[in-house]
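protein.tsv follows; it contains TSV, C-alpha atoms and all ligand atoms.
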```tsv
chain	number	residue	atom	x	y	z
X	1469	MET	CA	-13.00	28.12	-98.19
X	1470	GLU	CA	-16.41	27.48	-96.70
X	1471	ALA	CA	-17.91	26.95	-100.16
X	1472	ILE	CA	-15.17	24.48	-101.10
X	1473	ARG	CA	-15.73	22.56	-97.89
X	1474	ARG	CA	-19.47	22.32	-98.52
X	1475	TYR	CA	-18.88	21.20	-102.09
X	1476	LYS	CA	-16.44	18.52	-100.90
X	1477	ASP	CA	-19.02	17.39	-98.32
X	1478	ARG	CA	-21.67	17.01	-101.00
X	1479	ILE	CA	-19.41	14.98	-103.26
X	1480	LEU	CA	-18.45	12.72	-100.34
X	1481	GLY	CA	-22.13	12.44	-99.52
X	1482	PHE	CA	-22.71	10.89	-102.96
X	1483	LEU	CA	-19.79	8.52	-102.54
X	1484	SER	CA	-20.45	7.28	-99.02
X	1485	ASN	CA	-23.12	6.87	-96.36
X	1486	ASP	CA	-22.91	8.87	-93.15
X	1487	ILE	CA	-24.13	6.91	-90.15
X	1488	GLY	CA	-24.91	7.88	-86.54
X	1489	ILE	CA	-25.15	5.13	-83.90
X	1490	ASP	CA	-26.48	5.20	-80.33
X	1491	LEU	CA	-24.88	2.14	-78.74
X	1492	GLY	CA	-27.20	1.91	-75.74
X	1493	THR	CA	-27.20	-0.72	-73.01
X	1494	ALA	CA	-30.79	-1.67	-73.90
X	1495	ASN	CA	-31.42	-0.36	-77.42
X	1496	THR	CA	-29.25	0.48	-80.38
X	1497	LEU	CA	-30.44	3.10	-82.85
X	1498	VAL	CA	-28.92	3.88	-86.23
X	1499	TYR	CA	-29.42	7.02	-88.30
X	1500	VAL	CA	-28.40	7.27	-91.94
X	1501	LYS	CA	-28.00	10.72	-93.45
X	1502	GLY	CA	-30.83	11.46	-95.84
X	1503	ARG	CA	-32.88	8.47	-94.64
X	1504	GLY	CA	-33.47	9.07	-90.92
X	1505	ILE	CA	-33.49	6.45	-88.15
X	1506	VAL	CA	-33.37	3.13	-89.99
X	1507	ILE	CA	-32.62	0.72	-87.11
X	1508	ASN	CA	-34.01	0.56	-83.58
X	1509	GLU	CA	-33.26	-2.81	-82.03
X	1510	PRO	CA	-32.32	-4.35	-78.67
X	1511	SER	CA	-28.55	-4.34	-77.96
X	1512	ILE	CA	-28.24	-8.11	-77.83
X	1513	VAL	CA	-26.03	-10.65	-79.55
X	1514	ALA	CA	-26.91	-14.36	-79.26
X	1515	MET	CA	-23.79	-16.54	-79.22
X	1516	ASN	CA	-23.20	-20.27	-79.35
X	1517	GLN	CA	-21.05	-20.89	-76.29
X	1518	LYS	CA	-19.68	-24.17	-77.66
X	1519	THR	CA	-18.38	-22.74	-80.93
X	1520	GLY	CA	-18.18	-19.02	-80.13
X	1521	ALA	CA	-20.20	-18.31	-83.28
X	1522	VAL	CA	-22.75	-15.48	-83.44
X	1523	VAL	CA	-26.22	-16.92	-83.93
X	1524	ALA	CA	-28.31	-13.75	-84.12
X	1525	VAL	CA	-28.14	-10.01	-83.43
X	1526	GLY	CA	-30.69	-7.41	-82.31
X	1527	ALA	CA	-34.43	-8.10	-82.39
X	1528	GLN	CA	-33.86	-11.64	-83.65
X	1529	ALA	CA	-31.52	-12.37	-80.72
X	1530	LYS	CA	-34.02	-10.99	-78.19
X	1531	GLU	CA	-36.76	-13.13	-79.70
X	1532	MET	CA	-34.62	-16.21	-78.95
X	1533	LEU	CA	-34.10	-15.34	-75.29
X	1534	GLY	CA	-35.37	-18.05	-72.98
X	1535	ARG	CA	-36.40	-20.25	-75.92
X	1536	THR	CA	-33.03	-21.69	-76.89
X	1537	PRO	CA	-30.84	-24.60	-75.81
X	1538	ALA	CA	-28.64	-23.80	-72.82
X	1539	HIS	CA	-25.47	-23.32	-74.89
X	1540	ILE	CA	-26.97	-20.38	-76.79
X	1541	VAL	CA	-26.46	-17.32	-74.59
X	1542	ALA	CA	-27.44	-13.68	-74.96
X	1543	VAL	CA	-24.63	-11.18	-74.58
X	1544	GLN	CA	-24.90	-7.40	-74.36
X	1545	PRO	CA	-22.13	-5.28	-75.90
X	1546	VAL	CA	-22.54	-2.56	-73.30
X	1547	VAL	CA	-23.09	-3.67	-69.70
X	1548	ASP	CA	-23.29	-1.22	-66.80
X	1549	GLY	CA	-21.92	1.56	-68.94
X	1550	VAL	CA	-18.80	-0.26	-70.10
X	1551	ILE	CA	-18.02	-1.97	-73.38
X	1552	SER	CA	-18.11	-5.54	-72.09
X	1553	ASP	CA	-16.64	-7.48	-74.92
X	1554	PHE	CA	-14.72	-6.39	-78.01
X	1555	GLU	CA	-15.82	-9.40	-80.10
X	1556	VAL	CA	-19.48	-8.86	-79.30
X	1557	THR	CA	-19.31	-5.10	-79.89
X	1558	SER	CA	-17.54	-5.74	-83.14
X	1559	GLU	CA	-20.19	-8.23	-84.27
X	1560	MET	CA	-22.97	-5.82	-83.32
X	1561	LEU	CA	-21.37	-2.90	-85.20
X	1562	THR	CA	-20.66	-5.04	-88.27
X	1563	TYR	CA	-24.29	-6.15	-88.32
X	1564	LEU	CA	-25.60	-2.59	-87.86
X	1565	ILE	CA	-23.30	-0.91	-90.36
X	1566	GLY	CA	-24.03	-3.65	-92.89
X	1567	LYS	CA	-27.78	-3.52	-92.36
X	1568	ALA	CA	-27.86	0.29	-92.47
X	1569	GLN	CA	-26.24	0.25	-95.91
X	1570	ALA	CA	-28.02	-2.77	-97.37
X	1571	GLY	CA	-29.36	-1.83	-100.79
X	1572	HIS	CA	-27.63	1.56	-100.58
X	1573	ALA	CA	-24.04	0.53	-101.24
X	1574	LYS	CA	-21.67	3.40	-102.04
X	1575	LEU	CA	-18.13	3.63	-103.34
X	1576	LEU	CA	-16.47	4.65	-100.07
X	1577	GLY	CA	-16.96	3.29	-96.55
X	1578	PRO	CA	-19.23	5.37	-94.30
X	1579	ARG	CA	-18.29	8.14	-91.89
X	1580	VAL	CA	-19.65	7.03	-88.52
X	1581	VAL	CA	-20.42	8.93	-85.30
X	1582	ILE	CA	-20.93	6.60	-82.31
X	1583	GLY	CA	-22.39	7.58	-78.94
X	1584	VAL	CA	-20.84	5.74	-75.97
X	1585	PRO	CA	-21.56	5.99	-72.21
X	1586	SER	CA	-19.74	8.82	-70.42
X	1587	GLY	CA	-16.63	7.80	-68.54
X	1588	VAL	CA	-15.51	5.08	-70.94
X	1589	THR	CA	-11.77	4.43	-70.78
X	1590	SER	CA	-9.35	5.12	-73.62
X	1591	VAL	CA	-9.05	1.36	-74.07
X	1592	GLU	CA	-12.80	1.11	-74.62
X	1593	VAL	CA	-12.81	4.07	-76.99
X	1594	ARG	CA	-10.11	2.33	-79.01
X	1595	ALA	CA	-12.09	-0.93	-78.98
X	1596	VAL	CA	-15.19	0.78	-80.39
X	1597	ARG	CA	-13.12	2.66	-82.95
X	1598	ASP	CA	-11.36	-0.51	-84.10
X	1599	ALA	CA	-14.63	-2.42	-84.20
X	1600	ALA	CA	-16.24	0.24	-86.42
X	1601	ARG	CA	-13.17	0.35	-88.71
X	1602	ALA	CA	-13.25	-3.44	-88.96
X	1603	ALA	CA	-16.91	-3.10	-89.95
X	1604	GLY	CA	-15.89	-0.91	-92.92
X	1605	ALA	CA	-16.13	2.63	-91.54
X	1606	ARG	CA	-13.89	5.13	-93.32
X	1607	GLU	CA	-13.90	7.65	-90.45
X	1608	VAL	CA	-15.00	7.00	-86.86
X	1609	HIS	CA	-15.94	9.73	-84.40
X	1610	ILE	CA	-16.86	8.97	-80.80
X	1611	ILE	CA	-19.07	11.14	-78.61
X	1612	GLU	CA	-20.18	10.70	-75.01
X	1613	GLU	CA	-23.90	10.07	-74.77
X	1614	PRO	CA	-24.92	12.93	-72.43
X	1615	MET	CA	-23.27	15.31	-74.88
X	1616	ALA	CA	-24.99	13.66	-77.84
X	1617	ALA	CA	-28.32	13.81	-75.97
X	1618	ALA	CA	-27.87	17.53	-75.25
X	1619	ILE	CA	-27.14	18.17	-78.93
X	1620	GLY	CA	-30.14	16.04	-79.93
X	1621	ILE	CA	-32.38	18.05	-77.57
X	1622	GLU	CA	-30.97	21.18	-79.24
X	1623	LEU	CA	-29.63	22.69	-76.03
X	1624	PRO	CA	-27.17	25.57	-76.65
X	1625	VAL	CA	-24.10	23.38	-76.04
X	1626	HIS	CA	-21.63	25.79	-77.67
X	1627	GLU	CA	-22.52	28.75	-75.48
X	1628	PRO	CA	-20.96	29.69	-72.16
X	1629	LEU	CA	-24.19	28.51	-70.53
X	1630	GLY	CA	-24.69	25.45	-68.35
X	1631	SER	CA	-27.03	22.75	-69.67
X	1632	MET	CA	-27.82	19.54	-67.81
X	1633	VAL	CA	-29.05	16.18	-69.06
X	1634	VAL	CA	-30.07	13.05	-67.12
X	1635	ASP	CA	-30.35	10.08	-69.49
X	1636	ILE	CA	-32.12	7.18	-67.74
X	1637	GLY	CA	-31.39	4.16	-69.95
X	1638	GLY	CA	-31.54	0.40	-69.42
X	1639	GLY	CA	-28.29	-0.44	-67.63
X	1640	THR	CA	-27.15	3.00	-66.57
X	1641	THR	CA	-28.19	6.57	-66.06
X	1642	ASP	CA	-25.82	9.10	-67.56
X	1643	ILE	CA	-25.80	12.47	-65.82
X	1644	GLY	CA	-23.97	15.25	-67.65
X	1645	VAL	CA	-23.43	18.98	-67.35
X	1646	ILE	CA	-22.36	20.78	-70.53
X	1647	SER	CA	-20.94	24.20	-71.30
X	1648	LEU	CA	-18.87	25.65	-74.15
X	1649	GLY	CA	-19.02	22.53	-76.29
X	1650	GLY	CA	-17.75	20.10	-73.63
X	1651	LEU	CA	-18.83	18.03	-70.63
X	1652	VAL	CA	-17.89	19.94	-67.47
X	1653	ASN	CA	-19.18	17.32	-65.07
X	1654	ALA	CA	-20.56	13.83	-65.62
X	1655	ARG	CA	-21.45	10.67	-63.77
X	1656	ASN	CA	-22.61	7.26	-64.83
X	1657	VAL	CA	-24.61	5.24	-62.28
X	1658	ARG	CA	-26.09	1.75	-62.45
X	1659	ILE	CA	-29.58	2.82	-61.43
X	1660	ALA	CA	-31.83	2.65	-64.48
X	1661	GLY	CA	-34.50	0.57	-66.23
X	1662	ASP	CA	-32.93	-2.86	-65.58
X	1663	ARG	CA	-32.64	-2.08	-61.87
X	1664	PHE	CA	-36.33	-1.06	-61.76
X	1665	ASN	CA	-37.19	-4.42	-63.37
X	1666	THR	CA	-35.26	-6.43	-60.77
X	1667	ASP	CA	-36.81	-4.26	-58.02
X	1668	ILE	CA	-40.24	-5.30	-59.30
X	1669	VAL	CA	-39.26	-8.99	-59.45
X	1670	SER	CA	-38.02	-8.89	-55.82
X	1671	HIS	CA	-41.01	-6.94	-54.57
X	1672	VAL	CA	-43.53	-9.34	-56.12
X	1673	ARG	CA	-41.58	-12.30	-54.73
X	1674	ASN	CA	-41.38	-10.88	-51.21
X	1675	GLU	CA	-44.84	-9.36	-50.95
X	1676	PHE	CA	-46.97	-11.74	-53.00
X	1677	LYS	CA	-44.90	-14.95	-52.94
X	1678	MET	CA	-44.93	-15.08	-56.72
X	1679	LEU	CA	-42.01	-15.47	-59.09
X	1680	ILE	CA	-42.19	-13.39	-62.28
X	1681	GLY	CA	-39.65	-13.07	-65.09
X	1682	GLU	CA	-37.71	-9.89	-65.82
X	1683	LYS	CA	-39.52	-9.53	-69.12
X	1684	SER	CA	-42.91	-9.54	-67.35
X	1685	ALA	CA	-41.54	-7.06	-64.82
X	1686	GLU	CA	-40.49	-4.74	-67.66
X	1687	GLU	CA	-43.89	-5.01	-69.37
X	1688	THR	CA	-45.60	-4.24	-66.07
X	1689	LYS	CA	-43.31	-1.26	-65.52
X	1690	ILE	CA	-44.01	0.19	-68.96
X	1691	ALA	CA	-47.75	-0.39	-68.52
X	1692	ILE	CA	-48.26	1.18	-65.10
X	1693	ALA	CA	-45.08	2.60	-63.53
X	1694	SER	CA	-45.89	5.93	-61.95
X	1695	ILE	CA	-44.06	8.00	-59.37
X	1696	ALA	CA	-46.94	10.43	-59.00
X	1697	ILE	CA	-49.28	9.89	-56.07
X	1698	GLY	CA	-52.87	11.03	-56.46
X	1699	ARG	CA	-53.24	10.41	-60.16
X	1700	LEU	CA	-55.89	7.95	-61.32
X	1701	PRO	CA	-54.83	4.53	-60.04
X	1702	LEU	CA	-53.43	2.16	-62.65
X	1703	GLU	CA	-53.44	-1.62	-62.62
X	1704	THR	CA	-52.53	-4.58	-64.78
X	1705	LEU	CA	-52.35	-8.36	-64.66
X	1706	VAL	CA	-49.06	-10.11	-64.08
X	1707	ARG	CA	-48.36	-13.81	-64.54
X	1708	GLY	CA	-45.80	-16.00	-62.85
X	1709	ARG	CA	-45.38	-18.98	-60.55
X	1710	ASP	CA	-46.92	-19.16	-57.10
X	1711	LEU	CA	-44.01	-19.92	-54.79
X	1712	VAL	CA	-46.24	-21.73	-52.30
X	1713	THR	CA	-48.10	-24.09	-54.65
X	1714	GLY	CA	-45.47	-24.09	-57.41
X	1715	LEU	CA	-48.23	-23.58	-59.99
X	1716	PRO	CA	-48.80	-20.86	-62.58
X	1717	HIS	CA	-50.57	-17.90	-61.08
X	1718	GLU	CA	-52.02	-14.57	-62.19
X	1719	MET	CA	-52.67	-11.50	-60.07
X	1720	ARG	CA	-53.56	-7.83	-60.24
X	1721	ILE	CA	-50.81	-5.35	-59.55
X	1722	THR	CA	-51.17	-1.60	-59.09
X	1723	ASP	CA	-49.05	1.50	-59.64
X	1724	GLN	CA	-48.74	1.73	-55.85
X	1725	ASP	CA	-47.05	-1.71	-55.83
X	1726	ILE	CA	-44.61	-0.56	-58.49
X	1727	ARG	CA	-43.96	2.64	-56.54
X	1728	ASN	CA	-43.19	0.60	-53.45
X	1729	ALA	CA	-40.88	-1.60	-55.51
X	1730	ILE	CA	-38.83	1.09	-57.26
X	1731	GLY	CA	-39.10	3.98	-54.77
X	1732	HIS	CA	-35.80	3.14	-53.13
X	1733	SER	CA	-33.92	3.13	-56.45
X	1734	ILE	CA	-35.54	6.42	-57.49
X	1735	GLU	CA	-34.30	7.93	-54.20
X	1736	GLU	CA	-30.78	6.71	-55.04
X	1737	LEU	CA	-31.07	8.30	-58.46
X	1738	VAL	CA	-32.03	11.60	-56.85
X	1739	GLU	CA	-28.91	11.37	-54.63
X	1740	ALA	CA	-26.69	10.77	-57.67
X	1741	VAL	CA	-28.09	13.85	-59.44
X	1742	LYS	CA	-27.61	15.88	-56.24
X	1743	ASP	CA	-23.97	14.74	-56.10
X	1744	VAL	CA	-23.39	16.04	-59.62
X	1745	LEU	CA	-25.12	19.34	-58.80
X	1746	GLU	CA	-22.97	19.70	-55.67
X	1747	THR	CA	-19.73	19.29	-57.60
X	1748	THR	CA	-20.65	21.65	-60.44
X	1749	PRO	CA	-19.31	25.24	-60.46
X	1750	PRO	CA	-21.82	27.77	-59.02
X	1751	GLU	CA	-22.17	29.86	-62.21
X	1752	ILE	CA	-23.20	26.78	-64.14
X	1753	ILE	CA	-25.61	25.67	-61.39
X	1754	SER	CA	-27.27	29.05	-61.63
X	1755	ASP	CA	-27.82	28.50	-65.39
X	1756	VAL	CA	-29.21	25.02	-64.75
X	1757	MET	CA	-31.60	26.36	-62.09
X	1758	GLN	CA	-32.96	28.85	-64.58
X	1759	ARG	CA	-33.08	26.61	-67.63
X	1760	GLY	CA	-33.91	23.28	-66.03
X	1761	ILE	CA	-32.61	19.72	-66.23
X	1762	TYR	CA	-33.59	17.68	-69.30
X	1763	LEU	CA	-34.53	14.01	-69.03
X	1764	ALA	CA	-33.76	11.57	-71.83
X	1765	GLY	CA	-33.80	7.76	-72.23
X	1766	GLY	CA	-36.65	5.30	-71.66
X	1767	GLY	CA	-36.73	5.98	-67.91
X	1768	ALA	CA	-37.89	9.54	-68.62
X	1769	LEU	CA	-41.23	7.99	-69.60
X	1770	ILE	CA	-42.06	6.81	-66.08
X	1771	ARG	CA	-45.22	8.74	-65.24
X	1772	GLY	CA	-44.73	11.66	-62.90
X	1773	ILE	CA	-40.94	11.47	-62.89
X	1774	PRO	CA	-40.30	15.09	-63.96
X	1775	GLU	CA	-42.63	16.43	-61.25
X	1776	PHE	CA	-41.06	14.17	-58.63
X	1777	LEU	CA	-37.50	15.20	-59.53
X	1778	THR	CA	-38.48	18.87	-59.69
X	1779	SER	CA	-39.66	18.80	-56.10
X	1780	ALA	CA	-36.82	16.57	-54.85
X	1781	LEU	CA	-34.10	18.70	-56.45
X	1782	GLY	CA	-35.65	22.15	-56.32
X	1783	VAL	CA	-34.73	22.62	-59.99
X	1784	PRO	CA	-37.22	22.45	-62.89
X	1785	VAL	CA	-37.00	19.07	-64.64
X	1786	ILE	CA	-38.31	18.70	-68.19
X	1787	VAL	CA	-38.74	15.54	-70.31
X	1788	ALA	CA	-37.01	15.96	-73.68
X	1789	PRO	CA	-39.22	15.53	-76.74
X	1790	ASP	CA	-38.99	11.87	-77.86
X	1791	PRO	CA	-36.50	10.97	-75.10
X	1792	LEU	CA	-35.60	7.54	-76.54
X	1793	THR	CA	-34.12	9.05	-79.73
X	1794	ALA	CA	-32.29	12.08	-78.24
X	1795	VAL	CA	-28.82	10.49	-78.48
X	1796	VAL	CA	-29.13	9.24	-82.05
X	1797	ARG	CA	-30.62	12.58	-83.16
X	1798	GLY	CA	-27.55	14.18	-81.56
X	1799	THR	CA	-25.22	11.97	-83.62
X	1800	SER	CA	-27.13	12.98	-86.77
X	1801	ILE	CA	-26.66	16.69	-86.01
X	1802	VAL	CA	-22.94	16.11	-85.40
X	1803	LEU	CA	-22.62	14.24	-88.72
X	1804	ASN	CA	-24.09	17.20	-90.55
X	1805	ASP	CA	-21.41	19.54	-89.21
X	1806	LEU	CA	-18.42	17.64	-87.90
X	1807	ASP	CA	-16.22	20.75	-87.85
X	1808	ALA	CA	-18.57	22.64	-85.55
X	1809	TYR	CA	-18.64	19.77	-83.07
X	1810	ARG	CA	-14.91	18.92	-82.92
X	1811	ASP	CA	-14.77	19.87	-79.23
X	1812	ALA	CA	-17.69	17.61	-78.39
X	1813	LEU	CA	-15.96	14.51	-79.83
X	1814	LEU	CA	-13.58	12.32	-77.86
X	1815	LYS	CA	-10.01	12.79	-79.02
X	1816	SER	CA	-8.44	10.02	-81.05
X	1817	ASP	CA	-6.75	7.64	-78.64
X	1818	ASP	CA	-3.20	8.78	-79.34
X	1819	GLU	CA	-4.20	12.16	-77.92
X	1820	LEU	CA	-6.03	10.66	-74.94
X	1821	VAL	CA	-4.25	10.59	-71.63
X	1822	PRO	CA	-3.47	6.92	-71.07
X	1823	THR	CA	-5.23	5.32	-68.10
X	1824	GLU	CA	-2.43	3.60	-66.19
W	1	LIG	P1	-30.23	2.57	-73.36
W	1	LIG	O1	-29.86	3.92	-73.86
W	1	LIG	O2	-29.45	2.16	-72.15
W	1	LIG	O3	-30.19	1.54	-74.44
W	1	LIG	P2	-33.00	3.38	-73.47
W	1	LIG	O4	-32.91	4.84	-73.38
W	1	LIG	O5	-33.29	2.78	-74.82
W	1	LIG	O6	-31.73	2.65	-72.84
W	1	LIG	O7	-34.14	2.94	-72.43
W	1	LIG	C1	-34.43	1.60	-72.21
W	1	LIG	C2	-35.06	1.46	-70.84
W	1	LIG	O8	-36.20	2.32	-70.74
W	1	LIG	C3	-35.53	0.04	-70.57
W	1	LIG	O9	-35.16	-0.33	-69.24
W	1	LIG	C4	-37.05	0.15	-70.69
W	1	LIG	O10	-37.71	-0.77	-69.85
W	1	LIG	C5	-37.30	1.57	-70.24
W	1	LIG	N1	-38.56	2.13	-70.77
W	1	LIG	C6	-38.92	2.25	-72.06
W	1	LIG	N2	-40.15	2.79	-72.17
W	1	LIG	C7	-40.58	3.02	-70.91
W	1	LIG	C8	-41.78	3.55	-70.33
W	1	LIG	N3	-42.80	3.96	-71.09
W	1	LIG	N4	-41.86	3.63	-68.97
W	1	LIG	C9	-40.84	3.23	-68.21
W	1	LIG	N5	-39.69	2.71	-68.67
W	1	LIG	C10	-39.57	2.60	-70.01
W	2	MG	MG	-29.10	5.61	-74.07
```

Write-out of the structure in structure tokens:
Amino acid sequence: MEAIRRYKDRILGFLSNDIGIDLGTANTLVYVKGRGIVINEPSIVAMNQKTGAVVAVGAQAKEMLGRTPAHIVAVQPVVDGVISDFEVTSEMLTYLIGKAQAGHAKLLGPRVVIGVPSGVTSVEVRAVRDAARAAGAREVHIIEEPMAAAIGIELPVHEPLGSMVVDIGGGTTDIGVISLGGLVNARNVRIAGDRFNTDIVSHVRNEFKMLIGEKSAEETKIAIASIAIGRLPLETLVRGRDLVTGLPHEMRITDQDIRNAIGHSIEELVEAVKDVLETTPPEIISDVMQRGIYLAGGGALIRGIPEFLTSALGVPVIVAPDPLTAVVRGTSIVLNDLDAYRDALLKSDDELVPTE
């Protein structure tokens, strides 16, 4: 039986592409079996508000931001952990699935595994499924991102052992506890990279009377954000508009300034992780205490964050290798053995309990 299944898999592999997608709030990554990660682009669709037409998707859409006429607007398919707009999600998936297969056309449509934020509703699951089918997918499997991240980090998700992942993305942080192939506890909170950026914008406005853009705030964050005190001080230049004179202005900003700006949000993040720990069964907590909490997503790259969380939570916190690709690597592992990961996938919507 096993041999027949493998043989069938190989034949299908020749006839179709298998694709794994991490539909993140900030970045979308696409893996194609046999070719690796082929797309890594911002999750943005630029639309013409007058006609409703899609003008650009991904990196090209981000490039346009702030440089287009007012009726061209940027829309994100996933906002605050929910699928915001079926049309936009559908456009994004069509673009991605098309681009992933360009020059590699096969006879059958692809099998697709898509990672979505934890806690999506059955309506949203159906929207993503329909959007992927409309984009030509032959089979669509949906997995919650903390689960995909845990698989990508190669945690022993199938065992009766608790594993915990905190995925600090752009719009949301996904906190998940996994055992025996399923999520046993999960929470999705809106404290993540975008919030840190707006924290920095407000702090610079209040403290230094200067207005900076969110893009500058993000660049500053990536350049010098650090939660660790006592490391070598870091600094960078930031440009904006002096609110007193109204003129362009440039100033030096330090990691201490960024710490002051985002400290409050980091504290809130700690509270959210504590809440999840407090509502997790004691046996599983004991596993997590021994094996640690794994950090994924771009926010895991803030300097000193694992040390800070370790001391705040009293549980070892470890940054996953290559945290930005953990989810898409998870989808690739699932694609390679769909049968073994059945339990980790969201049920097809007819089996889902309807939400009122
Ligand atoms: P999502 O899964 O929601 O698409 P990602 O995991 O791709 O999000 O992470 C994107 C977020 O991580 C952005 O807010 C970005 O600013 C932030 N980020 C990326 N690299 C770094 C870094 N080196 N330091 C701090 N934040 C970072
Ligand atoms: Mg993500």

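Put simply, CA of Gly1630 in chain X is 16.9 Å away from CA of Ala1764 in chain X.
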
Residues of range 1675-1781 of chain X that have any atom at most 12 Å from an atom of range 1484-1506 of chain X: could you tabulate them with the shortest-distance atom pair and the distance in Å to one decimal, using all atoms listed in the file, ordered by chain and increasing number, as CSV?
```
residue,atom,partner,partner_atom,distance
X:Glu1686,CA,X:Ala1494,CA,11.9
X:Gly1765,CA,X:Gly1492,CA,9.5
X:Gly1766,CA,X:Ala1494,CA,9.4
X:Gly1767,CA,X:Ala1494,CA,11.4
```

task = Name the closest residue to ligand LIG 1 (chain W) among the candidates X:Asp1743, X:Asp1710, X:Asp1755, X:Glu1613; distances are taken between atoms, counting only C-alpha atoms and all ligand atoms.
result =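 Distance minimum relative to ligand LIG 1 (chain W) lands on X:Glu1613.
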
ask   = Using all atoms listed in the file, what are the residues with an atom within 9 Å of ligand LIG 1 (chain W), set out as a VMD selection string?
value = chain X and resid 1490 to 1497 1510 to 1511 1546 to 1549 1585 1613 1635 to 1641 1660 to 1665 1683 1685 to 1687 1689 to 1694 1764 to 1771 1791 to 1795

task = Between CA of Ala1521 in chain X and CA of Arg1601 in chain X, measure the distance and give it in Å to one decimal.
result =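 A separation of 20.7 Å between them.
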
message = Can you measure CA of Ser1631 in chain X to CA of Met1757 in chain X for me? One decimal in Å is fine.
response =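 Distance reported for this atom pair: 9.6 Å.
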
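The smallest atom-to-atom distance between ligand MG 2 (chain W) and any of X:Ile1582, X:Val1522, X:Leu1651, X:Ala1780, using all atoms listed in the file, is found for X:Ile1582.
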
message = So that I can see what lies close to Thr1722 in chain X, please list as a VMD selection string the residues with an atom at most 12 Å from it, counting only C-alpha atoms and leaving out residues fewer than 3 positions away in the same chain.
response = chain X and resid 1668 1672 1688 to 1689 1691 to 1695 1700 to 1706 1719 1725 to 1729

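The smallest atom-to-atom distance between Pro1578 in chain X and any of X:Ile1611, X:Leu1483, X:Val1645, X:Val1669, using all atoms listed in the file, is found for X:Leu1483.
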
inquiry  = Need the shell around Val1756 in chain X: protein/DNA/RNA residues with any atom at most 10 Å away, counting all atoms listed in the file. Skip same-chain ones fewer than 6 positions apart. Format as a ChimeraX atom specification?
reply    = /X:1629-1633,1645-1646,1745,1750,1762,1783-1785

request  = Could you check which of X:Arg1797, X:His1732, X:Arg1474, X:Arg1597 is closest to ligand MG 2 (chain W), using only C-alpha atoms and all ligand atoms?
outcome  = X:Arg1797

remark   = Min atom-atom distance to ligand MG 2 (chain W) from the set X:Leu1533, X:Thr1748, X:Arg1579, X:Val1634, counting all atoms listed in the file, belongs to X:Val1634

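Of the residues listed (X:Val1625, X:Leu1561, X:Leu1715, X:Ala1788), X:Leu1561 shows the shortest atom-to-atom separation from Ala1595 in chain X; distances use only C-alpha atoms.
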
inquiry  = I'd like the contact shell of Lys1677 in chain X - 12 Å cut-off, all atoms listed in the file, skipping same-chain residues fewer than 4 positions apart - returned as a VMD selection string.
reply    = chain X and resid 1669 to 1673 1708 to 1719

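Applying the 6 Å criterion to (-19.0, 21.8, -80.6) in file coordinates and using all atoms listed in the file, one obtains the residues His1626, Gly1649, Ala1808, Tyr1809, Arg1810, Asp1811 and Ala1812 of chain X.
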
query = Do you know which residues are at most 12 Å from Ala1538 in chain X counting all atoms listed in the file, after dropping those on the same chain fewer than 2 positions away, and could you put them as a PyMOL selection string?
reply = chain X and resi 1514-1518+1532-1536+1540-1542

Prev. selection, C-alpha atoms, output as a short mmCIF file (atom, residue, chain, number, x, y, z; two decimals), in the coordinates of the input:
```
data_model
loop_
_atom_site.label_atom_id
_atom_site.label_comp_id
_atom_site.auth_asym_id
_atom_site.auth_seq_id
_atom_site.Cartn_x
_atom_site.Cartn_y
_atom_site.Cartn_z
CA ALA X 1514 -26.91 -14.36 -79.26
CA MET X 1515 -23.79 -16.54 -79.22
CA ASN X 1516 -23.20 -20.27 -79.35
CA GLN X 1517 -21.05 -20.89 -76.29
CA LYS X 1518 -19.68 -24.17 -77.66
CA MET X 1532 -34.62 -16.21 -78.95
CA LEU X 1533 -34.10 -15.34 -75.29
CA GLY X 1534 -35.37 -18.05 -72.98
CA ARG X 1535 -36.40 -20.25 -75.92
CA THR X 1536 -33.03 -21.69 -76.89
CA ILE X 1540 -26.97 -20.38 -76.79
CA VAL X 1541 -26.46 -17.32 -74.59
CA ALA X 1542 -27.44 -13.68 -74.96
#
```
